[in-house]
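What follows is input23.txt (compact mmCIF, C-alpha atoms and all ligand atoms).
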# COMPACT_ATOMS: atom_id res chain seq x y z
CA MET A 1 94.38 75.31 128.68
CA SER A 2 92.48 73.18 126.23
CA GLU A 3 95.10 72.76 123.52
CA THR A 4 93.36 71.13 120.53
CA LYS A 5 92.24 67.59 121.26
CA GLN A 6 91.76 66.38 117.68
CA ASN A 7 95.48 65.73 117.19
CA ALA A 8 95.74 63.16 119.99
CA PRO A 9 98.34 60.48 119.28
CA ALA A 10 97.00 57.20 117.91
CA GLU A 11 97.43 53.96 119.83
CA GLY A 12 101.13 53.09 120.21
CA GLU A 13 102.25 56.53 119.01
CA LYS A 14 104.83 58.35 121.13
CA LYS A 15 103.90 61.47 123.07
CA LEU A 16 105.47 64.85 122.43
CA SER A 17 107.61 66.24 125.21
CA ALA A 18 109.44 69.56 125.25
CA VAL A 19 111.14 71.95 127.62
CA VAL A 20 110.27 75.52 126.62
CA ALA A 21 112.22 78.48 128.02
CA ILE A 22 110.28 81.74 128.27
CA ILE A 23 112.57 84.65 127.48
CA GLY A 24 111.94 88.39 127.39
CA ARG A 25 112.59 91.75 128.99
CA PRO A 26 111.49 92.44 132.55
CA SER A 27 107.68 92.89 132.73
CA ALA A 28 107.05 91.46 129.25
CA GLY A 29 104.47 89.15 130.86
CA LYS A 30 106.44 85.89 131.06
CA SER A 31 105.06 84.81 134.43
CA THR A 32 101.53 85.89 133.48
CA PHE A 33 101.82 83.73 130.36
CA LEU A 34 102.99 80.76 132.41
CA ASN A 35 100.03 81.06 134.78
CA THR A 36 97.51 81.36 131.94
CA ALA A 37 99.02 78.45 129.98
CA CYS A 38 99.07 76.20 133.07
CA GLY A 39 95.68 77.36 134.28
CA GLU A 40 97.13 77.78 137.78
CA LYS A 41 99.12 80.38 139.67
CA VAL A 42 102.62 79.01 139.25
CA SER A 43 104.79 82.12 139.07
CA ILE A 44 104.30 85.41 140.87
CA VAL A 45 103.40 88.60 138.96
CA SER A 46 103.86 92.28 139.73
CA PRO A 47 104.09 95.54 137.77
CA VAL A 48 107.67 95.92 139.04
CA PRO A 49 110.36 94.80 136.56
CA GLN A 50 112.47 91.82 137.67
CA THR A 51 109.88 90.13 139.79
CA THR A 52 110.95 86.60 138.89
CA ARG A 53 114.30 85.56 140.37
CA ASN A 54 114.45 81.85 139.55
CA ALA A 55 113.90 79.38 136.75
CA ILE A 56 110.34 78.40 137.63
CA ARG A 57 108.79 75.40 135.93
CA GLY A 58 105.13 75.19 134.95
CA ILE A 59 103.70 72.17 133.20
CA VAL A 60 101.08 72.09 130.43
CA ASN A 61 99.54 68.67 129.78
CA GLY A 62 97.75 68.28 126.47
CA SER A 63 96.43 65.31 124.54
CA ARG A 64 99.53 65.37 122.32
CA GLY A 65 101.97 65.35 125.23
CA GLN A 66 103.60 67.69 127.71
CA LEU A 67 105.25 71.11 127.57
CA VAL A 68 107.43 72.02 130.53
CA PHE A 69 107.75 75.81 130.53
CA VAL A 70 110.66 77.41 132.33
CA ASP A 71 109.87 80.95 133.42
CA THR A 72 113.03 83.03 133.71
CA PRO A 73 114.01 86.40 135.19
CA GLY A 74 113.57 89.32 132.79
CA TYR A 75 116.60 89.85 130.56
CA HIS A 76 118.01 93.19 131.63
CA GLU A 77 121.35 94.82 130.74
CA SER A 78 123.05 96.02 133.90
CA ASP A 79 126.43 95.76 135.62
CA LYS A 80 124.95 95.11 139.04
CA LYS A 81 125.88 91.71 140.42
CA PHE A 82 122.32 90.64 141.22
CA ASN A 83 121.10 91.62 137.74
CA GLN A 84 123.98 89.78 136.12
CA LEU A 85 123.02 86.67 138.03
CA LEU A 86 119.37 86.96 136.98
CA LYS A 87 120.41 87.48 133.36
CA GLY A 88 122.60 84.38 133.59
CA ILE A 89 119.64 82.27 134.68
CA ALA A 90 117.73 83.22 131.53
CA HIS A 91 120.76 82.69 129.32
CA ASP A 92 121.66 79.29 130.78
CA ARG A 93 118.24 77.90 129.99
CA LEU A 94 118.62 78.30 126.21
CA PRO A 95 120.86 75.33 125.26
CA GLU A 96 118.83 72.81 127.24
CA SER A 97 115.48 73.91 125.79
CA ASP A 98 113.69 72.18 122.93
CA ALA A 99 111.83 75.39 122.13
CA ILE A 100 111.99 79.03 123.20
CA LEU A 101 109.05 81.32 123.70
CA TYR A 102 110.17 84.90 123.20
CA LEU A 103 107.68 87.39 124.66
CA ILE A 104 107.66 91.04 123.65
CA ASP A 105 105.57 93.78 125.25
CA ALA A 106 103.61 95.40 122.40
CA ALA A 107 102.96 98.51 124.48
CA ARG A 108 106.67 99.38 124.70
CA GLU A 109 109.17 100.52 122.07
CA PRO A 110 111.52 97.63 121.34
CA GLY A 111 114.77 99.60 121.88
CA ARG A 112 118.36 98.43 122.41
CA GLU A 113 117.71 95.85 125.08
CA GLU A 114 115.19 94.10 122.84
CA GLU A 115 117.78 94.14 120.02
CA LEU A 116 120.28 92.35 122.28
CA ILE A 117 117.75 89.64 123.09
CA ALA A 118 116.78 89.23 119.42
CA LYS A 119 120.48 88.94 118.52
CA MET A 120 121.03 86.31 121.19
CA LEU A 121 118.02 84.34 119.94
CA SER A 122 118.93 84.55 116.25
CA ARG A 123 121.51 81.78 116.87
CA VAL A 124 118.74 79.43 118.02
CA ALA A 125 116.02 80.89 115.76
CA LYS A 126 114.83 77.53 114.46
CA LYS A 127 113.34 76.74 117.86
CA VAL A 128 111.91 80.21 118.62
CA VAL A 129 108.20 81.05 118.80
CA VAL A 130 107.30 84.71 119.42
CA GLY A 131 104.42 86.07 121.46
CA ILE A 132 103.67 89.76 120.93
CA ASN A 133 102.00 90.31 124.28
CA LYS A 134 99.62 92.80 125.93
CA THR A 135 97.69 93.35 122.69
CA ASP A 136 94.61 94.01 124.87
CA LEU A 137 96.08 97.39 125.83
CA PRO A 138 94.91 100.39 123.77
CA SER A 139 98.54 101.53 123.62
CA ALA A 140 99.68 98.22 122.10
CA LYS A 141 101.34 98.52 118.68
CA PRO A 142 101.95 95.06 117.22
CA ALA A 143 102.89 96.38 113.74
CA PRO A 144 106.18 98.05 114.79
CA VAL A 145 107.04 94.92 116.78
CA ARG A 146 106.54 92.83 113.64
CA ALA A 147 108.79 95.26 111.73
CA PHE A 148 111.38 94.97 114.51
CA LEU A 149 111.26 91.17 114.24
CA ALA A 150 111.59 91.24 110.45
CA LEU A 151 114.74 93.31 110.89
CA HIS A 152 116.38 91.70 113.91
CA LEU A 153 115.07 88.14 113.91
CA PRO A 154 114.24 87.48 110.23
CA GLU A 155 114.93 83.75 110.65
CA VAL A 156 111.64 83.31 112.52
CA PRO A 157 108.79 82.87 109.99
CA GLU A 158 105.41 84.63 110.29
CA ASP A 159 103.65 81.41 111.26
CA ARG A 160 105.67 81.34 114.46
CA ILE A 161 104.67 84.87 115.51
CA PHE A 162 101.46 85.33 117.53
CA GLU A 163 99.69 88.43 118.79
CA ILE A 164 98.49 87.49 122.25
CA SER A 165 97.24 88.70 125.59
CA ALA A 166 98.65 86.53 128.37
CA GLU A 167 96.39 88.28 130.86
CA LYS A 168 93.14 87.95 128.89
CA ASP A 169 94.00 84.49 127.52
CA THR A 170 93.79 85.63 123.91
CA ASN A 171 95.40 83.52 121.16
CA ILE A 172 97.28 81.35 123.67
CA ASP A 173 95.91 78.05 122.33
CA PRO A 174 97.24 78.45 118.74
CA LEU A 175 100.62 79.40 120.19
CA LEU A 176 100.63 76.24 122.33
CA VAL A 177 99.71 74.15 119.29
CA ARG A 178 102.69 75.65 117.43
CA LEU A 179 104.99 74.81 120.35
CA PHE A 180 103.72 71.22 120.27
CA ASP A 181 104.58 71.16 116.54
CA LEU A 182 108.21 71.91 117.50
CA ALA A 183 108.28 69.37 120.33
CA PRO A 184 110.25 66.15 119.85
CA GLU A 185 108.76 62.76 120.63
CA GLY A 186 109.72 61.42 124.01
CA ASP A 187 108.65 60.40 127.45
CA ILE A 188 106.89 63.06 129.46
CA LEU A 189 109.01 64.47 132.30
CA TYR A 190 106.33 64.86 134.99
CA PRO A 191 103.19 62.94 135.94
CA GLU A 192 100.16 64.36 134.11
CA GLU A 193 98.51 65.76 137.24
CA PHE A 194 101.52 68.03 137.94
CA TYR A 195 101.41 71.71 137.01
CA THR A 196 104.62 72.73 138.80
CA ASP A 197 107.60 71.13 140.52
CA GLN A 198 108.12 73.80 143.17
CA GLU A 199 108.69 72.84 146.79
CA VAL A 200 106.00 73.93 149.26
CA ASP A 201 108.29 76.30 151.19
CA PHE A 202 109.47 78.04 147.99
CA ARG A 203 105.90 78.50 146.78
CA ILE A 204 104.82 79.96 150.09
CA ALA A 205 107.80 82.34 150.13
CA GLU A 206 107.00 83.48 146.58
CA ILE A 207 103.34 84.22 147.32
CA ILE A 208 104.34 86.29 150.36
CA ARG A 209 106.93 88.12 148.24
CA GLU A 210 104.30 88.86 145.58
CA LYS A 211 101.92 90.42 148.10
CA ALA A 212 104.79 92.44 149.59
CA MET A 213 105.93 93.65 146.15
CA ASN A 214 102.41 94.62 145.13
CA ASN A 215 101.82 96.62 148.31
CA THR A 216 105.07 98.58 148.43
CA ARG A 217 106.65 101.30 146.32
CA GLN A 218 109.92 102.66 145.00
CA GLU A 219 113.01 100.66 145.98
CA ILE A 220 111.25 98.42 148.50
CA PRO A 221 109.88 95.69 146.15
CA HIS A 222 113.43 94.90 145.04
CA ALA A 223 114.85 95.05 148.56
CA ILE A 224 112.62 92.21 149.74
CA TYR A 225 113.20 88.52 150.13
CA VAL A 226 111.26 86.00 152.17
CA GLU A 227 112.65 83.42 154.54
CA ILE A 228 110.62 80.44 155.72
CA ALA A 229 111.97 79.70 159.20
CA ASP A 230 109.69 76.85 160.16
CA LEU A 231 106.94 74.66 158.70
CA GLU A 232 104.89 72.46 160.97
CA MET A 233 101.96 70.19 160.13
CA ARG A 234 99.32 70.35 162.83
CA ARG A 235 95.85 68.97 163.55
CA ASN A 236 96.55 65.61 161.90
CA GLY A 237 97.69 67.13 158.63
CA LYS A 238 94.77 69.56 158.41
CA GLU A 239 96.82 72.69 159.10
CA LEU A 240 100.27 73.86 158.05
CA TRP A 241 101.76 76.40 160.40
CA VAL A 242 104.33 78.66 158.74
CA ARG A 243 106.79 80.94 160.50
CA SER A 244 108.22 83.39 157.99
CA PHE A 245 110.24 86.57 157.69
CA LEU A 246 110.01 89.39 155.21
CA VAL A 247 113.60 90.55 154.95
CA VAL A 248 114.56 94.06 153.82
CA GLU A 249 117.88 95.87 153.44
CA ARG A 250 117.55 98.76 155.88
CA GLU A 251 115.81 99.82 159.12
CA SER A 252 113.95 102.61 157.27
CA GLN A 253 112.49 100.01 154.89
CA LYS A 254 111.50 97.84 157.82
CA SER A 255 109.31 100.56 159.32
CA MET A 256 107.68 101.22 155.94
CA VAL A 257 106.90 97.55 155.42
CA ILE A 258 105.42 97.30 158.91
CA GLY A 259 103.40 100.50 158.34
CA LYS A 260 101.39 102.69 160.69
CA GLY A 261 99.96 100.57 163.50
CA ALA A 262 101.38 97.52 161.64
CA ALA A 263 98.68 98.02 158.98
CA MET A 264 100.92 97.25 156.02
CA ILE A 265 102.40 94.00 157.29
CA LYS A 266 98.92 92.88 158.36
CA LYS A 267 97.61 93.52 154.85
CA ILE A 268 100.49 91.59 153.26
CA ARG A 269 99.98 88.70 155.69
CA THR A 270 96.21 88.56 155.17
CA GLU A 271 96.47 88.66 151.37
CA ALA A 272 99.18 85.98 151.34
CA GLN A 273 97.30 83.73 153.73
CA LYS A 274 94.10 84.03 151.69
CA GLU A 275 95.81 83.03 148.46
CA LEU A 276 97.82 80.24 150.10
CA ASN A 277 94.58 78.80 151.42
CA GLU A 278 93.18 78.77 147.88
CA ILE A 279 96.24 76.90 146.59
CA PHE A 280 96.90 74.25 149.23
CA PRO A 281 94.56 71.45 150.31
CA TYR A 282 95.23 72.09 154.02
CA HIS A 283 94.69 75.24 156.08
CA ILE A 284 97.70 77.57 156.19
CA GLN A 285 98.35 79.55 159.36
CA LEU A 286 100.88 82.25 158.56
CA ASP A 287 103.13 83.98 161.05
CA LEU A 288 104.98 86.84 159.31
CA GLN A 289 107.58 89.16 160.79
CA VAL A 290 109.90 91.75 159.30
CA LYS A 291 113.64 91.84 159.76
CA VAL A 292 116.70 93.54 158.29
CA ASN A 293 119.62 91.90 156.56
CA LYS A 294 121.78 94.92 155.81
CA ASN A 295 122.57 95.32 152.09
CA TRP A 296 121.80 91.68 151.35
CA ARG A 297 121.86 92.31 147.60
CA GLN A 298 125.62 92.71 147.85
CA LYS A 299 126.13 89.45 149.73
CA ASP A 300 127.07 86.53 147.50
CA PRO A 301 125.82 83.69 149.73
CA ILE A 302 122.37 85.29 150.05
CA ILE A 303 121.83 86.09 146.37
CA GLY A 304 123.28 82.70 145.46
CA ARG A 305 120.78 80.99 147.73
CA LEU A 306 117.83 83.08 146.52
CA THR A 307 118.45 82.49 142.82
CA LYS A 308 119.37 78.81 143.14
CA ARG A 309 116.93 76.29 141.57
N1 LIG B 401 97.32 94.44 129.96
C1 LIG B 401 98.11 93.39 130.09
N2 LIG B 401 98.99 93.35 131.11
C2 LIG B 401 99.79 92.26 131.20
C3 LIG B 401 99.74 91.18 130.27
N3 LIG B 401 100.67 90.26 130.64
C4 LIG B 401 101.27 90.74 131.75
N4 LIG B 401 100.75 91.95 132.10
C5 LIG B 401 101.13 92.80 133.25
O1 LIG B 401 102.49 93.16 133.11
C6 LIG B 401 103.14 93.21 134.39
C7 LIG B 401 104.34 92.27 134.39
O2 LIG B 401 103.89 90.95 134.25
P1 LIG B 401 104.78 89.72 134.67
O3 LIG B 401 104.08 88.50 134.22
O4 LIG B 401 105.19 89.81 136.10
O5 LIG B 401 106.06 89.96 133.74
P2 LIG B 401 107.44 89.16 133.69
O6 LIG B 401 107.86 89.15 132.27
O7 LIG B 401 107.30 87.84 134.35
O8 LIG B 401 108.36 90.12 134.54
P3 LIG B 401 109.75 89.80 135.33
O9 LIG B 401 109.55 88.59 136.16
O10 LIG B 401 109.93 91.02 136.13
O11 LIG B 401 110.78 89.64 134.26
C8 LIG B 401 102.07 92.82 135.42
O12 LIG B 401 101.52 94.00 135.94
C9 LIG B 401 101.05 92.06 134.59
O13 LIG B 401 99.74 92.13 135.13
C10 LIG B 401 98.78 91.27 129.20
O14 LIG B 401 98.63 90.40 128.34
N5 LIG B 401 98.01 92.39 129.17
MG MG B 402 108.28 87.05 135.96
Is it possible to give me this structure as structure tokens?
Amino acid sequence: MSETKQNAPAEGEKKLSAVVAIIGRPSAGKSTFLNTACGEKVSIVSPVPQTTRNAIRGIVNGSRGQLVFVDTPGYHESDKKFNQLLKGIAHDRLPESDAILYLIDAAREPGREEELIAKMLSRVAKKVVVGINKTDLPSAKPAPVRAFLALHLPEVPEDRIFEISAEKDTNIDPLLVRLFDLAPEGDILYPEEFYTDQEVDFRIAEIIREKAMNNTRQEIPHAIYVEIADLEMRRNGKELWVRSFLVVERESQKSMVIGKGAAMIKKIRTEAQKELNEIFPYHIQLDLQVKVNKNWRQKDPIIGRLTKR
């Protein structure tokens, strides 16, 4: 992202530094926004709601300073334990953030869930910037979203509301400039060459999970998690060998993920390996197997471990 250069701090002037939480309903485009703003694939994306399960940090370095975005799981009302945990991750990020980017899908009716988010954000409205997203879609209706905001989040002025497309990179720069305007002066939190703080094994697991989610249907995308069993540097640091497992909840899901003649798991492995090799400076050799951890979504230690970060 080339956030405007002309406002660079003068000699001796402090940099701006802010933590920005990205909040919104599942599938609003939070992770897509993060990737576009950072100019790198930081957070995985899929059409399935509740793709993101952790607070994932992506870093935008501009001439005025640094914005550390925290991508969060989609805010979804549900009594299920796993959903409650995901909702908590989004909620917990609010007090520690200097600014909040609230993303709304312009191609969906706002509805009750959106009202709950707007209500939650009205308490911290002075640090909220809104992105009305997916305006590239023919079905997008930004006007009713603006009316919704005027009713439910009237504290946020017009000049903090942007009609954007996270996917097509439309109107992202002005929104970043506005976030910099809200940023306090301070030391930057990460070295300027950083665009994420994720560990290598977590990033690899996430890319595999993305390919698995994008290749499967119905309940399977949500029944998946990825375990990295082993990482080994080989050939004098030229190759990273990864032994990993795609874990599902039931035997029937296992056979679907493997597919006829193992075609599905091969496709997931090939796609993941290709993308991993674009991201990392060394060659990645991926070994991927499927296993069952019965009803893992009801097991506290597993969901605790998966959502920790
Ligand atoms: N047309 C269009 N599609 C978008 C845009 N932004 C995101 N999408 C699509 O919307 C879907 C959800 O995007 P994500 O970025 O995963 O959404 P999210 O808010 O991170 O979702 P969760 O992690 O599930 O809460 C994906 O299919 C994206 O390709 C956009 O600006 N335009
Ligand atoms: Mg996401």
Spatial neighbours of region 191-196 of chain A, max dist 9 Å, all atoms listed in the file, sep filter under 6 positions, as a ChimeraX atom specification: /A:38-40,42,56-62,66,68
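Residues in contact with Gln253 (chain A) at up to 9 Å, not including ones fewer than 4 positions away on its chain and judged by all atoms listed in the file, are Glu219, Ile220, Ala223, Val248, Glu249, Val257, Ile258 and Val292 of chain A.
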Between A:Ile132, A:Leu121, A:Leu116, A:Val19, which residue has the minimum interatomic distance to Asn171 (chain A), considering all atoms listed in the file? A:Ile132
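Among A:Ile44, A:Ala212, A:Met120, A:Ala21, the residue with the shortest atom-to-atom distance to ligand MG 402 (chain B), counting all atoms listed in the file, is A:Ile44.
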Distance filter 8 Å around ligand LIG 401 (chain B), atoms: only C-alpha atoms and all ligand atoms, out as a PyMOL selection string: chain A and resi 24-33+43-53+71-75+103+133-137+164-169
Could you please take those selected residues and save C-alpha atoms as a CSV table (one decimal), in the coordinates of the input?
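Listed below is the output, part_39.csv:
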chain,number,residue,atom,x,y,z
A,24,GLY,CA,111.9,88.4,127.4
A,25,ARG,CA,112.6,91.8,129.0
A,26,PRO,CA,111.5,92.4,132.6
A,27,SER,CA,107.7,92.9,132.7
A,28,ALA,CA,107.0,91.5,129.2
A,29,GLY,CA,104.5,89.2,130.9
A,30,LYS,CA,106.4,85.9,131.1
A,31,SER,CA,105.1,84.8,134.4
A,32,THR,CA,101.5,85.9,133.5
A,33,PHE,CA,101.8,83.7,130.4
A,43,SER,CA,104.8,82.1,139.1
A,44,ILE,CA,104.3,85.4,140.9
A,45,VAL,CA,103.4,88.6,139.0
A,46,SER,CA,103.9,92.3,139.7
A,47,PRO,CA,104.1,95.5,137.8
A,48,VAL,CA,107.7,95.9,139.0
A,49,PRO,CA,110.4,94.8,136.6
A,50,GLN,CA,112.5,91.8,137.7
A,51,THR,CA,109.9,90.1,139.8
A,52,THR,CA,111.0,86.6,138.9
A,53,ARG,CA,114.3,85.6,140.4
A,71,ASP,CA,109.9,81.0,133.4
A,72,THR,CA,113.0,83.0,133.7
A,73,PRO,CA,114.0,86.4,135.2
A,74,GLY,CA,113.6,89.3,132.8
A,75,TYR,CA,116.6,89.8,130.6
A,103,LEU,CA,107.7,87.4,124.7
A,133,ASN,CA,102.0,90.3,124.3
A,134,LYS,CA,99.6,92.8,125.9
A,135,THR,CA,97.7,93.4,122.7
A,136,ASP,CA,94.6,94.0,124.9
A,137,LEU,CA,96.1,97.4,125.8
A,164,ILE,CA,98.5,87.5,122.2
A,165,SER,CA,97.2,88.7,125.6
A,166,ALA,CA,98.6,86.5,128.4
A,167,GLU,CA,96.4,88.3,130.9
A,168,LYS,CA,93.1,88.0,128.9
A,169,ASP,CA,94.0,84.5,127.5
Atoms kept (C-alpha atoms) for region 233-291 of chain A, as an mmCIF file, in the first residue's frame:
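Full text of decode-v5.cif as output:
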data_model
loop_
_atom_site.group_PDB
_atom_site.id
_atom_site.type_symbol
_atom_site.label_atom_id
_atom_site.label_comp_id
_atom_site.auth_asym_id
_atom_site.auth_seq_id
_atom_site.Cartn_x
_atom_site.Cartn_y
_atom_site.Cartn_z
ATOM 1 C CA MET A 233 15.395 -27.877 7.652
ATOM 2 C CA ARG A 234 17.260 -29.875 5.034
ATOM 3 C CA ARG A 235 19.839 -29.321 2.293
ATOM 4 C CA ASN A 236 21.754 -26.666 4.246
ATOM 5 C CA GLY A 237 18.703 -24.524 4.875
ATOM 6 C CA LYS A 238 17.478 -24.699 1.274
ATOM 7 C CA GLU A 239 14.480 -26.926 1.996
ATOM 8 C CA LEU A 240 11.938 -27.086 4.809
ATOM 9 C CA TRP A 241 10.328 -30.475 5.164
ATOM 10 C CA VAL A 242 6.883 -30.339 6.786
ATOM 11 C CA ARG A 243 4.930 -33.280 8.151
ATOM 12 C CA SER A 244 1.335 -32.237 8.678
ATOM 13 C CA PHE A 245 -2.127 -33.579 9.391
ATOM 14 C CA LEU A 246 -5.510 -32.382 8.238
ATOM 15 C CA VAL A 247 -7.737 -33.280 11.151
ATOM 16 C CA VAL A 248 -11.501 -33.798 10.789
ATOM 17 C CA GLU A 249 -14.243 -34.794 13.223
ATOM 18 C CA ARG A 250 -15.535 -38.046 11.750
ATOM 19 C CA GLU A 251 -14.492 -41.047 9.609
ATOM 20 C CA SER A 252 -17.054 -40.088 6.929
ATOM 21 C CA GLN A 253 -15.409 -36.657 6.628
ATOM 22 C CA LYS A 254 -12.007 -38.282 6.394
ATOM 23 C CA SER A 255 -12.970 -40.259 3.292
ATOM 24 C CA MET A 256 -14.459 -37.148 1.677
ATOM 25 C CA VAL A 257 -11.328 -35.108 2.327
ATOM 26 C CA ILE A 258 -9.154 -37.885 0.899
ATOM 27 C CA GLY A 259 -11.457 -38.214 -2.125
ATOM 28 C CA LYS A 260 -11.669 -40.793 -4.898
ATOM 29 C CA GLY A 261 -8.218 -42.233 -5.559
ATOM 30 C CA ALA A 262 -6.890 -39.652 -3.038
ATOM 31 C CA ALA A 263 -7.592 -36.931 -5.624
ATOM 32 C CA MET A 264 -8.917 -34.385 -3.135
ATOM 33 C CA ILE A 265 -6.096 -34.565 -0.614
ATOM 34 C CA LYS A 266 -3.587 -34.429 -3.476
ATOM 35 C CA LYS A 267 -5.219 -31.256 -4.787
ATOM 36 C CA ILE A 268 -5.176 -29.630 -1.336
ATOM 37 C CA ARG A 269 -1.528 -30.612 -0.838
ATOM 38 C CA THR A 270 -0.441 -29.366 -4.268
ATOM 39 C CA GLU A 271 -2.232 -26.021 -3.910
ATOM 40 C CA ALA A 272 -0.838 -25.486 -0.402
ATOM 41 C CA GLN A 273 2.689 -26.420 -1.414
ATOM 42 C CA LYS A 274 2.575 -24.081 -4.418
ATOM 43 C CA GLU A 275 1.493 -21.108 -2.325
ATOM 44 C CA LEU A 276 3.919 -21.896 0.503
ATOM 45 C CA ASN A 277 6.731 -21.907 -2.024
ATOM 46 C CA GLU A 278 5.688 -18.437 -3.173
ATOM 47 C CA ILE A 279 5.734 -17.139 0.416
ATOM 48 C CA PHE A 280 8.898 -18.626 1.897
ATOM 49 C CA PRO A 281 12.472 -18.076 0.715
ATOM 50 C CA TYR A 282 13.316 -21.802 0.950
ATOM 51 C CA HIS A 283 11.703 -24.766 -0.802
ATOM 52 C CA ILE A 284 8.822 -26.346 1.133
ATOM 53 C CA GLN A 285 8.296 -30.092 0.879
ATOM 54 C CA LEU A 286 4.876 -30.900 2.261
ATOM 55 C CA ASP A 287 3.757 -34.241 3.610
ATOM 56 C CA LEU A 288 0.003 -34.128 4.337
ATOM 57 C CA GLN A 289 -2.145 -36.862 5.840
ATOM 58 C CA VAL A 290 -5.716 -36.957 7.091
ATOM 59 C CA LYS A 291 -6.782 -38.129 10.522
#
